[in-house]
Amino acid sequence: MGNTVIKMSGSHTAGIKEIANAFRREIGADLVSESCQEFDGAAVILLCFEKYYFRNGSYASLTVMLTEQGEAQTADIIGFGGGTGLFNFSYGANSNFTEAAKKLLTKYGFQ
């Protein structure tokens with residue numbers, strides 16, 4: 001099974017809660033699970049999505065971890081799954097899903 005990992009950083013003024021809301025609205029996938037934690041002035045939001053890709057008849061998964069401490073924000077994006085057949089070919093489903101998350105974060109000033 002293939003996977004794609006992207007790490008980004010940013011300092012969006014609205015904070016990671018607004019960015020998490022943008023993911024829920026704009027990513028175009030089903031939210032499977034969500035976890036929010038706050039401790040010692042830091043916040044962490046973990047979002048897990050899945051999306052069906054017709055081109056290979058399989059689901060791809062996306063996990064996004066948003067962290068914030070003070071003005072520093074980070075995003076870890078992991079796309080995986082989406083494979084089909086004996087050799088588990090994803091035909092780019094997981095990397096396509098990951099790139100959509102990267103594009104959304106770039107819109108919010110992440111690099």
# chains A, B, ... in the order shown; residues from 1 in each chain; ligands from 1

call {"tool": "residues_around", "arguments": {"residues": "Ala101 (chain A)", "least_positions_apart": "3", "cutoff": "9 Å", "atoms": "only C-alpha atoms", "output": "MDAnalysis selection string"}}
result
chainID A and resid 23 27 62 64 77 96:98 104:106

call {"tool": "write_last_selection", "arguments": {"atoms": "C-alpha atoms", "output": "mmCIF file, in the first residue's frame"}}
result
data_model
loop_
_atom_site.group_PDB
_atom_site.id
_atom_site.type_symbol
_atom_site.label_atom_id
_atom_site.label_comp_id
_atom_site.auth_asym_id
_atom_site.auth_seq_id
_atom_site.Cartn_x
_atom_site.Cartn_y
_atom_site.Cartn_z
ATOM 1 C CA PHE A 23 -11.306 20.963 6.015
ATOM 2 C CA ILE A 27 -12.062 18.716 1.361
ATOM 3 C CA LEU A 62 -6.436 11.094 4.636
ATOM 4 C CA VAL A 64 -4.458 15.518 9.041
ATOM 5 C CA ILE A 77 -0.843 15.280 6.157
ATOM 6 C CA ASN A 96 -4.290 13.177 -5.167
ATOM 7 C CA PHE A 97 -6.089 13.256 -1.802
ATOM 8 C CA THR A 98 -2.945 14.551 -0.066
ATOM 9 C CA LEU A 104 -6.339 23.899 1.077
ATOM 10 C CA LEU A 105 -3.607 24.625 3.644
ATOM 11 C CA THR A 106 -1.675 26.755 1.155
#

call {"tool": "residues_around", "arguments": {"residues": "Leu31 (chain A)", "least_positions_apart": "6", "cutoff": "8 Å", "atoms": "only C-alpha atoms", "output": "PDB file with N, CA and C atoms, in the first residue's frame"}}
result
ATOM      1  N   ARG A  24     -13.433  20.408   7.019  1.00  0.00           N
ATOM      2  CA  ARG A  24     -14.757  19.768   7.057  1.00  0.00           C
ATOM      3  C   ARG A  24     -15.641  20.246   5.899  1.00  0.00           C
ATOM      4  N   LEU A  47      -7.802  14.948  12.298  1.00  0.00           N
ATOM      5  CA  LEU A  47      -8.942  14.724  11.413  1.00  0.00           C
ATOM      6  C   LEU A  47      -8.645  13.533  10.506  1.00  0.00           C
ATOM      7  N   CYS A  48      -9.604  12.621  10.384  1.00  0.00           N
ATOM      8  CA  CYS A  48      -9.443  11.457   9.505  1.00  0.00           C
ATOM      9  C   CYS A  48     -10.592  11.434   8.507  1.00  0.00           C
ATOM     10  N   PHE A  49     -10.246  11.373   7.229  1.00  0.00           N
ATOM     11  CA  PHE A  49     -11.232  11.396   6.147  1.00  0.00           C
ATOM     12  C   PHE A  49     -11.059  10.165   5.265  1.00  0.00           C
ATOM     13  N   GLU A  50     -12.119   9.832   4.521  1.00  0.00           N
ATOM     14  CA  GLU A  50     -12.011   8.829   3.470  1.00  0.00           C
ATOM     15  C   GLU A  50     -12.818   9.292   2.268  1.00  0.00           C
TER      16      GLU A  50
END

call {"tool": "atom_distance", "arguments": {"atom1": "CA of Cys36 (chain A)", "atom2": "CA of Gly79 (chain A)"}}
result
20.0 Å

call {"tool": "residues_around", "arguments": {"residues": "Ala75 (chain A)", "least_positions_apart": "3", "cutoff": "10 Å", "atoms": "only C-alpha atoms", "output": "MDAnalysis selection string"}}
result
chainID A and resid 6:10 16 44:46 64:68 78 101:102 105 110:111

call {"tool": "write_last_selection", "arguments": {"atoms": "C-alpha atoms", "output": "PDB file, in the first residue's frame"}}
result
ATOM      1  CA  ILE A   6       3.493  16.206   3.613  1.00  0.00           C
ATOM      2  CA  LYS A   7       4.600  18.447   6.501  1.00  0.00           C
ATOM      3  CA  MET A   8       3.717  22.138   6.480  1.00  0.00           C
ATOM      4  CA  SER A   9       3.908  25.118   8.821  1.00  0.00           C
ATOM      5  CA  GLY A  10       2.003  28.362   9.068  1.00  0.00           C
ATOM      6  CA  ILE A  16      -6.320  25.773  13.707  1.00  0.00           C
ATOM      7  CA  VAL A  44      -3.934  19.518  18.585  1.00  0.00           C
ATOM      8  CA  ILE A  45      -6.690  18.562  16.155  1.00  0.00           C
ATOM      9  CA  LEU A  46      -6.625  15.183  14.412  1.00  0.00           C
ATOM     10  CA  VAL A  64      -4.458  15.518   9.041  1.00  0.00           C
ATOM     11  CA  MET A  65      -2.897  16.543  12.346  1.00  0.00           C
ATOM     12  CA  LEU A  66      -3.011  20.279  13.055  1.00  0.00           C
ATOM     13  CA  THR A  67      -0.973  21.623  15.981  1.00  0.00           C
ATOM     14  CA  GLU A  68      -0.755  25.103  17.425  1.00  0.00           C
ATOM     15  CA  ILE A  78      -0.841  11.554   5.431  1.00  0.00           C
ATOM     16  CA  ALA A 101      -5.211  18.928   1.572  1.00  0.00           C
ATOM     17  CA  LYS A 102      -1.939  20.712   0.737  1.00  0.00           C
ATOM     18  CA  LEU A 105      -3.607  24.625   3.644  1.00  0.00           C
ATOM     19  CA  PHE A 110       0.832  27.307   5.154  1.00  0.00           C
ATOM     20  CA  GLN A 111       4.100  26.445   3.434  1.00  0.00           C
TER      21      GLN A 111
END

call {"tool": "select_by_dssp", "arguments": {"residues": "chain A", "states": "helix (DSSP H, G or I)", "output": "ChimeraX atom specification"}}
result
/A:16-26,93-107

call {"tool": "residues_around", "arguments": {"residues": "Lys51 (chain A)", "least_positions_apart": "5", "cutoff": "7 Å", "atoms": "only C-alpha atoms", "output": "JSON, numbers by chain"}}
result
{"A": [29, 30, 59, 60, 61]}

call {"tool": "atom_distance", "arguments": {"atom1": "CA of Arg25 (chain A)", "atom2": "CA of His12 (chain A)"}}
result
17.5 Å

call {"tool": "closest_residue", "arguments": {"among": "A:Gly109, A:Lys17, A:Gly81, A:Asn3", "to": "Gln37 (chain A)", "atoms": "only C-alpha atoms"}}
result
A:Lys17

call {"tool": "atom_distance", "arguments": {"atom1": "CA of Ser95 (chain A)", "atom2": "CA of Phe54 (chain A)"}}
result
15.1 Å

call {"tool": "select_by_dssp", "arguments": {"residues": "chain A", "states": "strand (DSSP E or B)", "output": "VMD selection string"}}
result
chain A and resid 3 to 10 30 to 39 42 to 53 58 to 69 72 to 81 84 89

call {"tool": "closest_residue", "arguments": {"among": "A:Val32, A:Val5, A:Ala42, A:Ala14", "to": "Phe80 (chain A)", "atoms": "only C-alpha atoms"}}
result
A:Val5

call {"tool": "decode", "arguments": {"residues": "region 54-72 of chain A", "atoms": "N, CA and C atoms", "output": "PDB file, in the first residue's frame"}}
result
ATOM      1  N   PHE A  54     -13.517   6.482  -8.067  1.00  0.00           N
ATOM      2  CA  PHE A  54     -14.094   5.618  -9.095  1.00  0.00           C
ATOM      3  C   PHE A  54     -13.038   5.023 -10.013  1.00  0.00           C
ATOM      4  N   ARG A  55     -11.951   5.772 -10.259  1.00  0.00           N
ATOM      5  CA  ARG A  55     -10.958   5.321 -11.236  1.00  0.00           C
ATOM      6  C   ARG A  55     -10.314   3.999 -10.872  1.00  0.00           C
ATOM      7  N   ASN A  56     -10.305   3.671  -9.555  1.00  0.00           N
ATOM      8  CA  ASN A  56      -9.761   2.376  -9.169  1.00  0.00           C
ATOM      9  C   ASN A  56     -10.728   1.580  -8.287  1.00  0.00           C
ATOM     10  N   GLY A  57     -11.928   2.117  -8.071  1.00  0.00           N
ATOM     11  CA  GLY A  57     -12.940   1.395  -7.316  1.00  0.00           C
ATOM     12  C   GLY A  57     -12.542   1.120  -5.883  1.00  0.00           C
ATOM     13  N   SER A  58     -11.919   2.102  -5.225  1.00  0.00           N
ATOM     14  CA  SER A  58     -11.409   1.883  -3.870  1.00  0.00           C
ATOM     15  C   SER A  58     -11.464   3.188  -3.078  1.00  0.00           C
ATOM     16  N   TYR A  59     -11.382   3.046  -1.765  1.00  0.00           N
ATOM     17  CA  TYR A  59     -11.340   4.210  -0.877  1.00  0.00           C
ATOM     18  C   TYR A  59      -9.889   4.594  -0.581  1.00  0.00           C
ATOM     19  N   ALA A  60      -9.626   5.894  -0.525  1.00  0.00           N
ATOM     20  CA  ALA A  60      -8.344   6.412  -0.047  1.00  0.00           C
ATOM     21  C   ALA A  60      -8.621   7.118   1.273  1.00  0.00           C
ATOM     22  N   SER A  61      -7.631   7.134   2.136  1.00  0.00           N
ATOM     23  CA  SER A  61      -7.768   7.755   3.455  1.00  0.00           C
ATOM     24  C   SER A  61      -6.817   8.932   3.586  1.00  0.00           C
ATOM     25  N   LEU A  62      -7.237   9.902   4.382  1.00  0.00           N
ATOM     26  CA  LEU A  62      -6.436  11.094   4.636  1.00  0.00           C
ATOM     27  C   LEU A  62      -6.478  11.381   6.125  1.00  0.00           C
ATOM     28  N   THR A  63      -5.315  11.522   6.731  1.00  0.00           N
ATOM     29  CA  THR A  63      -5.209  11.904   8.134  1.00  0.00           C
ATOM     30  C   THR A  63      -4.469  13.230   8.192  1.00  0.00           C
ATOM     31  N   VAL A  64      -5.056  14.196   8.901  1.00  0.00           N
ATOM     32  CA  VAL A  64      -4.458  15.518   9.041  1.00  0.00           C
ATOM     33  C   VAL A  64      -4.338  15.823  10.524  1.00  0.00           C
ATOM     34  N   MET A  65      -3.114  16.130  10.964  1.00  0.00           N
ATOM     35  CA  MET A  65      -2.897  16.543  12.346  1.00  0.00           C
ATOM     36  C   MET A  65      -2.468  18.007  12.332  1.00  0.00           C
ATOM     37  N   LEU A  66      -3.294  18.846  12.946  1.00  0.00           N
ATOM     38  CA  LEU A  66      -3.011  20.279  13.055  1.00  0.00           C
ATOM     39  C   LEU A  66      -2.574  20.562  14.481  1.00  0.00           C
ATOM     40  N   THR A  67      -1.454  21.258  14.652  1.00  0.00           N
ATOM     41  CA  THR A  67      -0.973  21.623  15.981  1.00  0.00           C
ATOM     42  C   THR A  67      -0.747  23.123  16.043  1.00  0.00           C
ATOM     43  N   GLU A  68      -0.923  23.665  17.243  1.00  0.00           N
ATOM     44  CA  GLU A  68      -0.755  25.103  17.425  1.00  0.00           C
ATOM     45  C   GLU A  68      -0.241  25.367  18.830  1.00  0.00           C
ATOM     46  N   GLN A  69       0.825  26.152  18.903  1.00  0.00           N
ATOM     47  CA  GLN A  69       1.341  26.625  20.180  1.00  0.00           C
ATOM     48  C   GLN A  69       1.765  28.065  19.969  1.00  0.00           C
ATOM     49  N   GLY A  70       1.051  28.980  20.633  1.00  0.00           N
ATOM     50  CA  GLY A  70       1.283  30.396  20.393  1.00  0.00           C
ATOM     51  C   GLY A  70       0.896  30.725  18.967  1.00  0.00           C
ATOM     52  N   GLU A  71       1.798  31.345  18.250  1.00  0.00           N
ATOM     53  CA  GLU A  71       1.533  31.687  16.847  1.00  0.00           C
ATOM     54  C   GLU A  71       2.031  30.622  15.881  1.00  0.00           C
ATOM     55  N   ALA A  72       2.754  29.634  16.374  1.00  0.00           N
ATOM     56  CA  ALA A  72       3.310  28.590  15.512  1.00  0.00           C
ATOM     57  C   ALA A  72       2.273  27.496  15.263  1.00  0.00           C
TER      58      ALA A  72
END
